[in-house]
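Structure file input.tsv with TSV, C-alpha atoms:
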chain	number	residue	atom	x	y	z
P	1	MET	CA	0.00	0.00	0.00
P	2	ILE	CA	1.42	3.41	-1.00
P	3	TYR	CA	0.35	6.69	0.64
P	4	THR	CA	1.30	10.28	0.14
P	5	PRO	CA	2.48	11.79	3.43
P	6	HIS	CA	-0.49	14.18	3.41
P	7	ASP	CA	-3.03	11.37	2.94
P	8	PHE	CA	-1.51	9.13	5.58
P	9	PHE	CA	-1.23	11.68	8.35
P	10	ALA	CA	-4.68	13.02	7.56
P	11	LEU	CA	-5.97	9.60	8.62
P	12	MET	CA	-4.54	10.27	12.08
P	13	GLY	CA	-5.76	13.85	12.15
P	14	GLN	CA	-2.16	15.05	11.88
P	15	THR	CA	-0.24	17.27	9.48
P	16	ALA	CA	2.63	15.58	7.68
P	17	PRO	CA	6.04	16.86	8.85
P	18	GLN	CA	7.89	18.74	6.10
P	19	ALA	CA	10.91	16.55	6.75
P	20	ILE	CA	9.15	13.54	5.23
P	21	ILE	CA	10.25	13.17	1.62
P	22	GLY	CA	8.79	10.48	-0.62
P	23	HIS	CA	5.81	8.16	-0.36
P	24	ILE	CA	4.83	6.07	2.64
P	25	SER	CA	4.81	2.32	2.01
P	26	GLY	CA	2.75	1.22	5.01
P	27	VAL	CA	3.12	0.80	8.75
P	28	ALA	CA	5.15	-1.38	11.13
P	29	ILE	CA	5.02	-1.93	14.88
P	30	ASP	CA	8.06	-4.23	15.06
P	31	SER	CA	11.33	-2.52	14.17
P	32	ARG	CA	12.73	-5.81	12.85
P	33	LYS	CA	9.98	-5.88	10.21
P	34	VAL	CA	10.28	-2.28	9.05
P	35	GLN	CA	10.38	-1.93	5.27
P	36	PRO	CA	11.83	1.14	3.52
P	37	GLY	CA	9.23	3.90	3.56
P	38	ASN	CA	7.24	2.54	6.54
P	39	ILE	CA	5.89	4.64	9.37
P	40	PHE	CA	7.03	3.02	12.62
P	41	PHE	CA	4.56	3.13	15.51
P	42	ALA	CA	6.45	2.97	18.81
P	43	LEU	CA	4.04	0.89	20.88
P	44	LYS	CA	4.57	-0.12	24.48
P	45	GLY	CA	4.11	-3.87	25.02
P	46	GLU	CA	4.50	-6.39	27.81
P	47	ARG	CA	8.07	-7.28	26.82
P	48	THR	CA	9.50	-4.12	25.31
P	49	ASP	CA	8.82	-0.54	24.33
P	50	GLY	CA	8.95	0.57	20.69
P	51	HIS	CA	10.64	3.80	21.73
P	52	LEU	CA	13.73	1.73	22.54
P	53	HIS	CA	13.96	0.58	18.92
P	54	LEU	CA	13.83	3.84	16.98
P	55	LYS	CA	17.44	3.44	15.89
P	56	ASP	CA	16.73	0.01	14.41
P	57	ALA	CA	13.63	1.37	12.63
P	58	ALA	CA	15.67	4.25	11.21
P	59	GLN	CA	18.45	1.96	9.99
P	60	ARG	CA	15.91	-0.21	8.19
P	61	GLY	CA	14.52	2.73	6.27
P	62	ALA	CA	11.53	3.98	8.25
P	63	ARG	CA	10.15	7.25	6.89
P	64	ALA	CA	9.07	8.54	10.32
P	65	ALA	CA	8.01	7.32	13.76
P	66	VAL	CA	4.89	7.89	15.85
P	67	VAL	CA	5.82	8.34	19.51
P	68	VAL	CA	4.13	9.36	22.76
P	69	GLN	CA	3.63	13.03	23.47
P	70	ASP	CA	6.29	13.29	26.18
P	71	TYR	CA	9.06	11.37	24.36
P	72	ARG	CA	12.25	13.46	24.41
P	73	GLY	CA	14.85	10.84	23.56
P	74	GLU	CA	17.03	10.54	20.46
P	75	HIS	CA	15.28	10.57	17.09
P	76	PHE	CA	18.11	9.07	14.96
P	77	GLU	CA	17.25	11.52	12.14
P	78	LEU	CA	13.67	10.20	12.03
P	79	PRO	CA	10.88	12.78	11.84
P	80	LEU	CA	8.82	12.17	15.01
P	81	ILE	CA	5.06	12.55	15.26
P	82	HIS	CA	4.05	13.04	18.90
P	83	VAL	CA	0.60	11.73	19.87
P	84	ALA	CA	-1.20	10.99	23.13
P	85	GLU	CA	-1.14	7.22	22.52
P	86	PRO	CA	0.47	5.58	19.42
P	87	LEU	CA	-1.88	2.56	19.55
P	88	ILE	CA	-4.97	4.78	19.48
P	89	ALA	CA	-3.43	6.77	16.61
P	90	LEU	CA	-2.83	3.51	14.71
P	91	GLN	CA	-6.39	2.35	15.30
P	92	GLU	CA	-7.93	5.70	14.38
P	93	ALA	CA	-5.95	5.78	11.14
P	94	ALA	CA	-7.31	2.34	10.23
P	95	LYS	CA	-10.84	3.33	11.23
P	96	ASN	CA	-10.73	6.51	9.15
P	97	LYS	CA	-9.34	4.66	6.14
P	98	LEU	CA	-12.24	2.20	6.14
P	99	ARG	CA	-14.76	4.98	6.71
P	100	ALA	CA	-13.51	6.83	3.64
P	101	ALA	CA	-13.37	3.68	1.50
P	102	LYS	CA	-17.05	2.70	1.80
P	103	SER	CA	-16.13	-0.97	1.26
P	104	GLN	CA	-18.46	-3.55	2.78
P	105	ILE	CA	-16.83	-5.30	5.71
P	106	VAL	CA	-17.24	-8.95	6.65
P	107	ALA	CA	-15.94	-9.68	10.16
P	108	ILE	CA	-15.22	-13.19	11.40
P	109	THR	CA	-14.69	-14.35	14.97
P	110	GLY	CA	-15.04	-17.62	16.87
P	111	SER	CA	-13.09	-19.86	19.21
P	112	LEU	CA	-11.77	-22.06	16.41
P	113	GLY	CA	-11.55	-21.89	12.62
P	114	LYS	CA	-11.41	-18.10	12.19
P	115	THR	CA	-8.41	-17.95	9.88
P	116	THR	CA	-9.44	-20.94	7.76
P	117	THR	CA	-12.95	-19.54	7.32
P	118	LYS	CA	-11.55	-16.11	6.48
P	119	ASN	CA	-9.23	-17.56	3.83
P	120	PHE	CA	-12.03	-19.64	2.33
P	121	LEU	CA	-14.36	-16.63	2.13
P	122	TYR	CA	-11.64	-14.45	0.61
P	123	SER	CA	-10.98	-17.12	-2.03
P	124	LEU	CA	-14.67	-17.23	-2.93
P	125	LEU	CA	-15.32	-13.48	-2.98
P	126	LYS	CA	-12.28	-12.50	-5.01
P	127	THR	CA	-13.55	-14.52	-7.98
P	128	LYS	CA	-16.41	-12.00	-8.35
P	129	TYR	CA	-15.48	-8.87	-6.38
P	130	LYS	CA	-12.45	-6.75	-5.65
P	131	THR	CA	-11.61	-8.05	-2.18
P	132	ALA	CA	-8.96	-7.52	0.48
P	133	THR	CA	-8.31	-9.46	3.66
P	134	SER	CA	-6.19	-9.30	6.78
P	135	ARG	CA	-2.84	-11.08	6.61
P	136	ALA	CA	-2.35	-14.47	8.34
P	137	ASN	CA	-4.12	-14.37	11.72
P	138	GLN	CA	-3.79	-10.61	12.29
P	139	ASN	CA	-6.88	-10.28	14.47
P	140	SER	CA	-5.81	-8.36	17.57
P	141	GLN	CA	-6.20	-4.73	18.62
P	142	ILE	CA	-2.88	-4.11	16.86
P	143	GLY	CA	-2.92	-6.67	14.06
P	144	LEU	CA	-6.33	-5.70	12.71
P	145	ALA	CA	-5.33	-2.04	12.39
P	146	THR	CA	-1.98	-2.76	10.75
P	147	SER	CA	-3.62	-5.13	8.27
P	148	ILE	CA	-6.19	-2.50	7.28
P	149	LEU	CA	-3.46	0.08	6.69
P	150	ASN	CA	-1.12	-2.31	4.87
P	151	GLU	CA	-3.47	-4.59	2.95
P	152	THR	CA	-6.40	-2.46	1.78
P	153	HIS	CA	-6.34	0.10	-1.02
P	154	GLY	CA	-9.69	1.78	-0.42
P	155	ASP	CA	-11.38	0.70	-3.66
P	156	GLU	CA	-12.43	-2.81	-2.60
P	157	ASP	CA	-15.99	-4.07	-2.81
P	158	PHE	CA	-15.41	-6.22	0.28
P	159	VAL	CA	-12.85	-6.37	3.07
P	160	VAL	CA	-12.76	-9.64	5.02
P	161	LEU	CA	-11.35	-9.26	8.53
P	162	GLU	CA	-10.66	-11.64	11.40
P	163	MET	CA	-11.41	-10.47	14.93
P	164	GLY	CA	-9.90	-12.20	17.96
P	165	MET	CA	-10.23	-11.71	21.68
P	166	THR	CA	-8.88	-12.92	24.99
P	167	HIS	CA	-11.04	-10.72	27.24
P	168	PRO	CA	-14.55	-9.23	27.16
P	169	GLY	CA	-14.83	-5.90	25.36
P	170	GLN	CA	-12.04	-6.51	22.86
P	171	ILE	CA	-14.25	-7.51	19.94
P	172	ARG	CA	-16.54	-4.54	20.59
P	173	ARG	CA	-13.49	-2.28	20.23
P	174	LEU	CA	-12.53	-4.01	16.98
P	175	THR	CA	-16.01	-3.43	15.56
P	176	GLU	CA	-15.58	0.26	16.34
P	177	ILE	CA	-12.42	0.25	14.19
P	178	ALA	CA	-13.96	-1.90	11.43
P	179	PRO	CA	-17.79	-1.83	11.66
P	180	PRO	CA	-19.05	-5.03	9.99
P	181	ASP	CA	-21.84	-5.11	7.44
P	182	ILE	CA	-21.88	-8.89	7.87
P	183	ALA	CA	-20.62	-10.63	11.02
P	184	LEU	CA	-19.86	-14.35	11.38
P	185	VAL	CA	-19.12	-16.52	14.41
P	186	THR	CA	-17.51	-19.88	13.59
P	187	GLY	CA	-18.26	-21.46	16.99
P	188	ILE	CA	-17.94	-21.06	20.74
P	189	TYR	CA	-15.63	-23.30	22.78
P	190	LEU	CA	-13.51	-23.12	25.93
P	191	VAL	CA	-10.62	-21.18	24.41
P	192	HIS	CA	-8.95	-18.45	26.52
P	193	ALA	CA	-11.14	-19.85	29.28
P	194	GLU	CA	-8.66	-18.77	31.95
P	195	ASN	CA	-9.84	-15.19	31.43
P	196	PHE	CA	-13.42	-16.21	32.24
P	197	ASP	CA	-12.69	-18.45	35.24
P	198	GLY	CA	-14.46	-16.18	37.72
P	199	MET	CA	-17.81	-16.58	36.03
P	200	ASN	CA	-20.48	-19.11	36.97
P	201	ASP	CA	-20.35	-20.48	33.41
P	202	PRO	CA	-17.20	-19.44	31.49
P	203	LEU	CA	-18.66	-20.72	28.22
P	204	GLU	CA	-21.53	-18.28	28.58
P	205	GLY	CA	-19.01	-15.52	29.22
P	206	ILE	CA	-17.14	-16.45	26.05
P	207	ALA	CA	-20.44	-16.49	24.14
P	208	ARG	CA	-21.27	-12.96	25.30
P	209	ALA	CA	-17.79	-11.74	24.40
P	210	LYS	CA	-17.94	-13.30	20.94
P	211	SER	CA	-21.44	-11.89	20.39
P	212	GLU	CA	-19.99	-8.39	20.61
P	213	ILE	CA	-19.28	-8.82	16.90
P	214	PHE	CA	-23.00	-8.14	16.32
P	215	SER	CA	-23.01	-4.97	18.45
P	216	HIS	CA	-22.36	-2.23	15.89
P	217	PRO	CA	-25.40	-0.38	14.46
P	218	LYS	CA	-23.96	-0.82	10.94
P	219	THR	CA	-24.18	-4.62	11.15
P	220	LYS	CA	-27.23	-5.95	9.32
P	221	VAL	CA	-26.63	-9.71	8.99
P	222	GLY	CA	-25.12	-12.37	11.24
P	223	CYS	CA	-24.01	-15.93	10.36
P	224	ILE	CA	-23.71	-18.64	13.03
P	225	PRO	CA	-23.62	-22.46	13.18
P	226	SER	CA	-27.07	-23.95	13.68
P	227	ASP	CA	-25.76	-25.90	16.68
P	228	ILE	CA	-23.63	-23.14	18.20
P	229	ALA	CA	-23.08	-23.40	21.97
P	230	CYS	CA	-25.08	-20.94	24.10
P	231	LYS	CA	-27.27	-20.18	21.12
P	232	ASP	CA	-29.87	-18.42	23.26
P	233	ILE	CA	-27.24	-15.97	24.51
P	234	VAL	CA	-25.97	-15.30	20.99
P	235	LEU	CA	-29.46	-14.70	19.59
P	236	SER	CA	-30.51	-12.51	22.50
P	237	SER	CA	-27.47	-10.27	21.99
P	238	THR	CA	-28.86	-8.73	18.81
P	239	SER	CA	-31.99	-8.16	16.73
P	240	ILE	CA	-30.29	-8.35	13.33
P	241	LYS	CA	-31.14	-11.01	10.74
P	242	MET	CA	-29.41	-14.30	11.52
P	243	GLN	CA	-28.45	-16.93	8.95
P	244	THR	CA	-27.33	-20.38	10.08
P	245	PHE	CA	-25.02	-22.93	8.51
P	246	SER	CA	-24.46	-26.60	9.31
P	247	CYS	CA	-22.27	-29.42	8.17
P	248	HIS	CA	-22.34	-32.51	10.36
P	249	GLU	CA	-19.68	-34.50	8.59
P	250	TYR	CA	-20.83	-37.55	6.66
P	251	GLU	CA	-24.40	-37.41	8.00
P	252	SER	CA	-25.06	-34.10	6.26
P	253	LYS	CA	-26.33	-33.84	2.71
P	254	GLN	CA	-24.60	-30.49	2.53
P	255	TYR	CA	-21.32	-32.18	3.48
P	256	GLU	CA	-21.79	-34.77	0.74
P	257	ALA	CA	-22.56	-32.06	-1.78
P	258	LEU	CA	-19.50	-30.04	-0.81
P	259	HIS	CA	-17.28	-33.12	-0.77
P	260	SER	CA	-18.31	-33.89	-4.35
P	261	LEU	CA	-17.09	-30.42	-5.41
P	262	VAL	CA	-13.94	-29.96	-3.36
P	263	THR	CA	-11.68	-32.18	-1.26
P	264	LEU	CA	-10.43	-30.82	2.06
P	265	PRO	CA	-7.87	-32.45	4.39
P	266	ALA	CA	-10.41	-33.29	7.12
P	267	PRO	CA	-14.19	-33.54	7.60
P	268	HIS	CA	-14.26	-30.82	10.26
P	269	MET	CA	-12.92	-28.27	7.75
P	270	TYR	CA	-16.18	-28.48	5.82
P	271	ILE	CA	-17.90	-26.54	8.59
P	272	ASN	CA	-15.43	-23.71	7.91
P	273	LEU	CA	-16.32	-23.93	4.24
P	274	SER	CA	-20.04	-23.94	5.04
P	275	ALA	CA	-19.53	-20.78	7.08
P	276	ALA	CA	-17.70	-19.13	4.20
P	277	ILE	CA	-20.42	-20.15	1.75
P	278	CYS	CA	-23.09	-18.72	4.04
P	279	ALA	CA	-21.30	-15.37	4.18
P	280	ALA	CA	-20.55	-15.39	0.45
P	281	GLY	CA	-24.27	-15.80	-0.23
P	282	GLU	CA	-25.00	-12.78	1.96
P	283	CYS	CA	-22.40	-10.88	-0.09
P	284	GLY	CA	-24.40	-11.54	-3.25
P	285	MET	CA	-22.78	-14.62	-4.75
P	286	THR	CA	-25.09	-17.18	-6.33
P	287	HIS	CA	-24.84	-20.92	-5.70
P	288	ALA	CA	-23.44	-21.38	-9.22
P	289	GLU	CA	-20.79	-18.70	-8.69
P	290	ILE	CA	-19.78	-20.24	-5.36
P	291	ALA	CA	-19.54	-23.73	-6.88
P	292	ALA	CA	-17.37	-22.41	-9.72
P	293	ALA	CA	-15.08	-20.69	-7.20
P	294	LEU	CA	-14.49	-23.73	-4.97
P	295	PRO	CA	-11.38	-24.91	-6.87
P	296	THR	CA	-9.67	-21.63	-5.90
P	297	LEU	CA	-9.71	-22.42	-2.17
P	298	VAL	CA	-6.38	-21.92	-0.44
P	299	GLY	CA	-5.32	-23.77	2.70
P	300	THR	CA	-4.09	-22.06	5.84
P	301	GLU	CA	-0.53	-22.26	7.12
P	302	ARG	CA	-0.04	-24.71	10.02
P	303	ARG	CA	-3.63	-25.95	9.75
P	304	LEU	CA	-3.52	-29.54	8.53
P	305	GLN	CA	-0.71	-29.02	6.05
P	306	PHE	CA	0.57	-32.27	4.55
P	307	TYR	CA	4.15	-32.71	3.41
P	308	GLU	CA	6.72	-35.49	3.13
P	309	LYS	CA	10.37	-35.47	4.13
P	310	ASN	CA	12.83	-38.36	3.95
P	311	GLY	CA	10.03	-40.85	3.40
P	312	ILE	CA	8.05	-39.67	6.45
P	313	GLN	CA	4.59	-38.11	6.05
P	314	PHE	CA	4.04	-35.05	8.27
P	315	ILE	CA	0.70	-33.46	9.13
P	316	ASN	CA	1.34	-29.95	10.45
P	317	ASP	CA	-1.54	-28.75	12.61
P	318	ALA	CA	0.63	-26.74	14.96
P	319	TYR	CA	-1.33	-23.54	15.49
P	320	ASN	CA	-2.72	-22.69	18.96
P	321	ALA	CA	-5.27	-25.40	19.75
P	322	ALA	CA	-8.15	-26.38	21.98
P	323	GLU	CA	-9.66	-29.74	22.87
P	324	PRO	CA	-12.00	-30.02	19.82
P	325	SER	CA	-9.28	-29.13	17.31
P	326	MET	CA	-6.78	-31.53	18.93
P	327	LYS	CA	-9.28	-34.36	18.66
P	328	ALA	CA	-10.08	-33.46	15.06
P	329	ALA	CA	-6.38	-33.56	14.19
P	330	LEU	CA	-6.05	-36.98	15.85
P	331	ASP	CA	-8.94	-38.21	13.71
P	332	VAL	CA	-7.03	-37.10	10.63
P	333	LEU	CA	-3.91	-38.92	11.83
P	334	HIS	CA	-5.92	-42.06	12.51
P	335	THR	CA	-7.63	-42.07	9.12
P	336	HIS	CA	-4.76	-40.86	6.96
P	337	GLY	CA	-2.19	-43.10	8.63
P	338	LYS	CA	-4.13	-46.35	8.33
P	339	GLY	CA	-1.75	-49.24	7.68
P	340	ARG	CA	1.30	-47.20	8.76
P	341	ARG	CA	2.82	-46.31	12.10
P	342	ARG	CA	0.99	-43.26	13.45
P	343	VAL	CA	3.02	-40.91	15.65
P	344	ALA	CA	1.23	-38.13	17.53
P	345	VAL	CA	3.44	-35.30	18.77
P	346	LEU	CA	1.12	-33.39	21.10
P	347	GLY	CA	1.91	-29.96	22.47
P	348	HIS	CA	0.11	-28.69	25.52
P	349	MET	CA	-2.92	-26.38	25.26
P	350	GLU	CA	-2.60	-22.95	26.82
P	351	GLY	CA	-5.10	-20.54	28.29
P	352	LEU	CA	-7.65	-23.07	29.60
P	353	GLY	CA	-7.50	-22.07	33.26
P	354	THR	CA	-9.38	-24.43	35.57
P	355	PHE	CA	-10.40	-26.55	32.56
P	356	SER	CA	-6.81	-27.32	31.61
P	357	HIS	CA	-6.41	-30.63	33.47
P	358	ALA	CA	-9.70	-32.12	32.26
P	359	ALA	CA	-9.11	-31.01	28.67
P	360	HIS	CA	-5.63	-32.57	28.54
P	361	VAL	CA	-6.93	-35.80	30.05
P	362	SER	CA	-9.73	-35.92	27.48
P	363	VAL	CA	-7.32	-35.40	24.59
P	364	ALA	CA	-5.01	-38.14	25.86
P	365	GLU	CA	-7.89	-40.60	26.27
P	366	TYR	CA	-8.89	-39.80	22.70
P	367	ALA	CA	-5.33	-40.22	21.43
P	368	LYS	CA	-4.91	-43.74	22.85
P	369	ALA	CA	-7.04	-45.33	20.15
P	370	ARG	CA	-5.80	-43.10	17.33
P	371	CYS	CA	-2.02	-43.34	17.39
P	372	ASP	CA	0.66	-45.97	17.82
P	373	VAL	CA	3.24	-43.68	19.39
P	374	CYS	CA	2.53	-40.61	21.48
P	375	VAL	CA	5.05	-37.90	22.42
P	376	CYS	CA	4.20	-34.88	24.59
P	377	PHE	CA	5.71	-31.42	24.71
P	378	GLY	CA	5.18	-28.49	27.07
P	379	ALA	CA	4.89	-27.75	30.79
P	380	LEU	CA	1.13	-28.34	30.88
P	381	ALA	CA	1.25	-31.78	29.24
P	382	GLY	CA	1.56	-33.71	32.51
P	383	PRO	CA	-2.09	-34.87	32.62
P	384	MET	CA	-1.69	-36.44	29.17
P	385	VAL	CA	1.38	-38.34	30.29
P	386	GLU	CA	-0.49	-39.55	33.38
P	387	VAL	CA	-3.33	-41.02	31.30
P	388	PHE	CA	-0.89	-43.32	29.52
P	389	ALA	CA	1.04	-44.07	32.71
P	390	LYS	CA	-2.09	-45.38	34.43
P	391	GLU	CA	-2.21	-48.13	31.81
P	392	GLY	CA	1.45	-48.91	32.20
P	393	THR	CA	2.63	-47.00	29.12
P	394	HIS	CA	5.51	-44.59	29.48
P	395	ILE	CA	5.44	-41.87	26.84
P	396	PRO	CA	8.25	-39.37	26.25
P	397	TRP	CA	7.58	-35.88	27.64
P	398	PHE	CA	9.79	-32.94	26.73
P	399	LEU	CA	10.05	-29.42	28.07
P	400	GLU	CA	12.84	-28.29	25.73
P	401	PHE	CA	12.17	-28.07	22.01
P	402	ASP	CA	15.69	-29.06	20.96
P	403	ALA	CA	15.46	-32.25	23.05
P	404	LEU	CA	12.14	-33.10	21.41
P	405	ILE	CA	13.61	-32.67	17.94
P	406	GLU	CA	16.65	-34.78	18.78
P	407	PHE	CA	14.40	-37.56	20.05
P	408	LEU	CA	12.24	-37.48	16.92
P	409	HIS	CA	15.31	-37.64	14.68
P	410	HIS	CA	16.17	-40.97	16.30
P	411	GLU	CA	12.61	-42.29	16.78
P	412	LEU	CA	10.93	-41.63	13.43
P	413	LYS	CA	11.18	-44.29	10.75
P	414	LEU	CA	10.64	-44.51	7.03
P	415	GLY	CA	6.91	-44.76	6.32
P	416	ASP	CA	5.71	-43.13	9.54
P	417	VAL	CA	2.84	-40.65	9.55
P	418	VAL	CA	3.45	-37.90	12.12
Take the structure from the file and write it as structure tokens.
Amino acid sequence: MIYTPHDFFALMGQTAPQAIIGHISGVAIDSRKVQPGNIFFALKGERTDGHLHLKDAAQRGARAAVVVQDYRGEHFELPLIHVAEPLIALQEAAKNKLRAAKSQIVAITGSLGKTTTKNFLYSLLKTKYKTATSRANQNSQIGLATSILNETHGDEDFVVLEMGMTHPGQIRRLTEIAPPDIALVTGIYLVHAENFDGMNDPLEGIARAKSEIFSHPKTKVGCIPSDIACKDIVLSSTSIKMQTFSCHEYESKQYEALHSLVTLPAPHMYINLSAAICAAGECGMTHAEIAAALPTLVGTERRLQFYEKNGIQFINDAYNAAEPSMKAALDVLHTHGKGRRRVAVLGHMEGLGTFSHAAHVSVAEYAKARCDVCVCFGALAGPMVEVFAKEGTHIPWFLEFDALIEFLHHELKLGDVV
């Protein structure tokens, strides 16, 4: 994305410093990822402060830096734009860009499947409309804003955005930055449950937080699974029109119809496709147009990616997981690895709070019948190891990644599915 200095700083309500010469090529919040011509936003995080990395941003070719009002440190020949809060300035710039563009916005949230659904919907829409989407899983208070500023041009028919949350109120804030015309929830599960532990029913708390995606007055249509958890809470959160989608694996006629048109790595991914199709229909695509676009679907990095190395088949499903997605991945291993040695390398699941022990036990019980070899990794994996130990099976458990890799180099054999 290329901006003139005047246009970019107008988005923040600022006047471009005269010292800025040349076009602006986008924004960066990590000095290590600054590209020549970027505006560097010096954000304060949990681990570091962007103001400590102005020199690095300057050396990598930043055009200017946005800093807090009271910053008086070195500028390293960077023009500095002083604002009350750089994060708010970043978000307001993104908000103003979308407001001026008049593109229709489709926002996607959910405990699982957000990025896959977003990528599927983008693949469908771009065959008919000019469409932009957020990069990778950029769905946070920071990532959403940077994606809008870096990935959209302002002339799109549709912008497809992913919205994530760890605490109540975060999705509401994201809808203020990018007010959805159409809002979709992929599902509600005990993910980030540790942040809802104090509630009588954490799942209900998660449902209310996810339902914030329907809160903006601009939103006219919602899409949800027909069997979504806490459905009464979701429906009572809004009065907008709700469309439902469903795809219950092999029992569903819709699943059979989709499977005849496109092959996905696992049955559970067809619910993500059903969600995307539901939203695409609300965007104006006909059934025939959607069917014709299905061959353009693109998979998502680290979500059931298949590859082979040295005669060993690997299934990479290594993005942050929860109990349902872990079990779905084990089903894929069990089915795909039939007749071969199936090795499950299971990392622990984070953010589950008081549900952590039970969820890890449940995954381990599920794994017993679906793999021949099980290896665990991570400090929270103890309950999984205990499940096997109770039956007299010792499984390797690693806390250091290098030790895990060394073990696998010696353990894995030609023909294994991992």
Nearest to Ala107 of chain P among P:Ile277, P:Leu161, P:Val34, P:Ala132, with distances taken over only C-alpha atoms: which residue is it?
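Smallest distance to Ala107 of chain P is found for P:Leu161.
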Could you tell me how far atom CA of Ser246 of chain P sits from atom CA of His216 of chain P, in Å to one decimal place?
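Computed distance, atom CA of His216 of chain P to atom CA of Ser246 of chain P, equals 25.3 Å.
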Kindly indicate which residue among P:Phe196, P:Ala276, P:Tyr71, P:Ala288 lies nearest to Gly351 of chain P, using all atoms listed in the file for the distances.
P:Phe196
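Nearest to Ser134 of chain P of all the residues P:Ala207, P:Ala178, P:Met165, P:Gly37 is P:Ala178, counting only C-alpha atoms.
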Go through segment 352-418 of chain P residue by residue and, counting all atoms listed in the file, keep those with an atom at most 9 Å from segment 329-332 of chain P; for each kept residue give the shortest atom pair and its distance in Å to one decimal, ordered by chain and increasing number, as a Markdown table.
| residue | atom | partner | partner_atom | distance |
| --- | --- | --- | --- | --- |
| P:Val363 | CA | P:Leu330 | CA | 9.0 |
| P:Tyr366 | CA | P:Leu330 | CA | 7.9 |
| P:Ala367 | CA | P:Leu330 | CA | 6.5 |
| P:Arg370 | CA | P:Leu330 | CA | 6.3 |
| P:Cys371 | CA | P:Leu330 | CA | 7.7 |
Residues as selected, C-alpha atoms, written as a PDB file, in the coordinates of the input, can you do that?
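Once everything was written out, this is out.pdb:
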ATOM      1  CA  VAL P 363      -7.320 -35.400  24.590  1.00  0.00           C
ATOM      2  CA  TYR P 366      -8.890 -39.800  22.700  1.00  0.00           C
ATOM      3  CA  ALA P 367      -5.330 -40.220  21.430  1.00  0.00           C
ATOM      4  CA  ARG P 370      -5.800 -43.100  17.330  1.00  0.00           C
ATOM      5  CA  CYS P 371      -2.020 -43.340  17.390  1.00  0.00           C
TER       6      CYS P 371
END
Counting only C-alpha atoms, closest pick from P:Thr263, P:Thr175, P:Ser356, P:Gln69 relative to Ala42 of chain P is P:Gln69
Of P:Gly187, P:Leu264, P:Glu391, P:Pro295, the one nearest to Ile228 of chain P when counting all atoms listed in the file is P:Gly187
Selection: 12 Å around Asn195 of chain P, all atoms listed in the file, excl. self and same-chain fewer than 2 positions, as a short mmCIF file (atom, residue, chain, number, x, y, z; two decimals) with C-alpha atoms, in the frame of the given file:
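Saved the output as out_0.cif:
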data_model
loop_
_atom_site.label_atom_id
_atom_site.label_comp_id
_atom_site.auth_asym_id
_atom_site.auth_seq_id
_atom_site.Cartn_x
_atom_site.Cartn_y
_atom_site.Cartn_z
CA MET P 165 -10.23 -11.71 21.68
CA THR P 166 -8.88 -12.92 24.99
CA HIS P 167 -11.04 -10.72 27.24
CA PRO P 168 -14.55 -9.23 27.16
CA LEU P 190 -13.51 -23.12 25.93
CA VAL P 191 -10.62 -21.18 24.41
CA HIS P 192 -8.95 -18.45 26.52
CA ALA P 193 -11.14 -19.85 29.28
CA ASP P 197 -12.69 -18.45 35.24
CA GLY P 198 -14.46 -16.18 37.72
CA MET P 199 -17.81 -16.58 36.03
CA ASP P 201 -20.35 -20.48 33.41
CA PRO P 202 -17.20 -19.44 31.49
CA LEU P 203 -18.66 -20.72 28.22
CA GLY P 205 -19.01 -15.52 29.22
CA ILE P 206 -17.14 -16.45 26.05
CA ALA P 209 -17.79 -11.74 24.40
CA GLU P 350 -2.60 -22.95 26.82
CA GLY P 351 -5.10 -20.54 28.29
CA LEU P 352 -7.65 -23.07 29.60
CA GLY P 353 -7.50 -22.07 33.26
CA THR P 354 -9.38 -24.43 35.57
CA PHE P 355 -10.40 -26.55 32.56
#
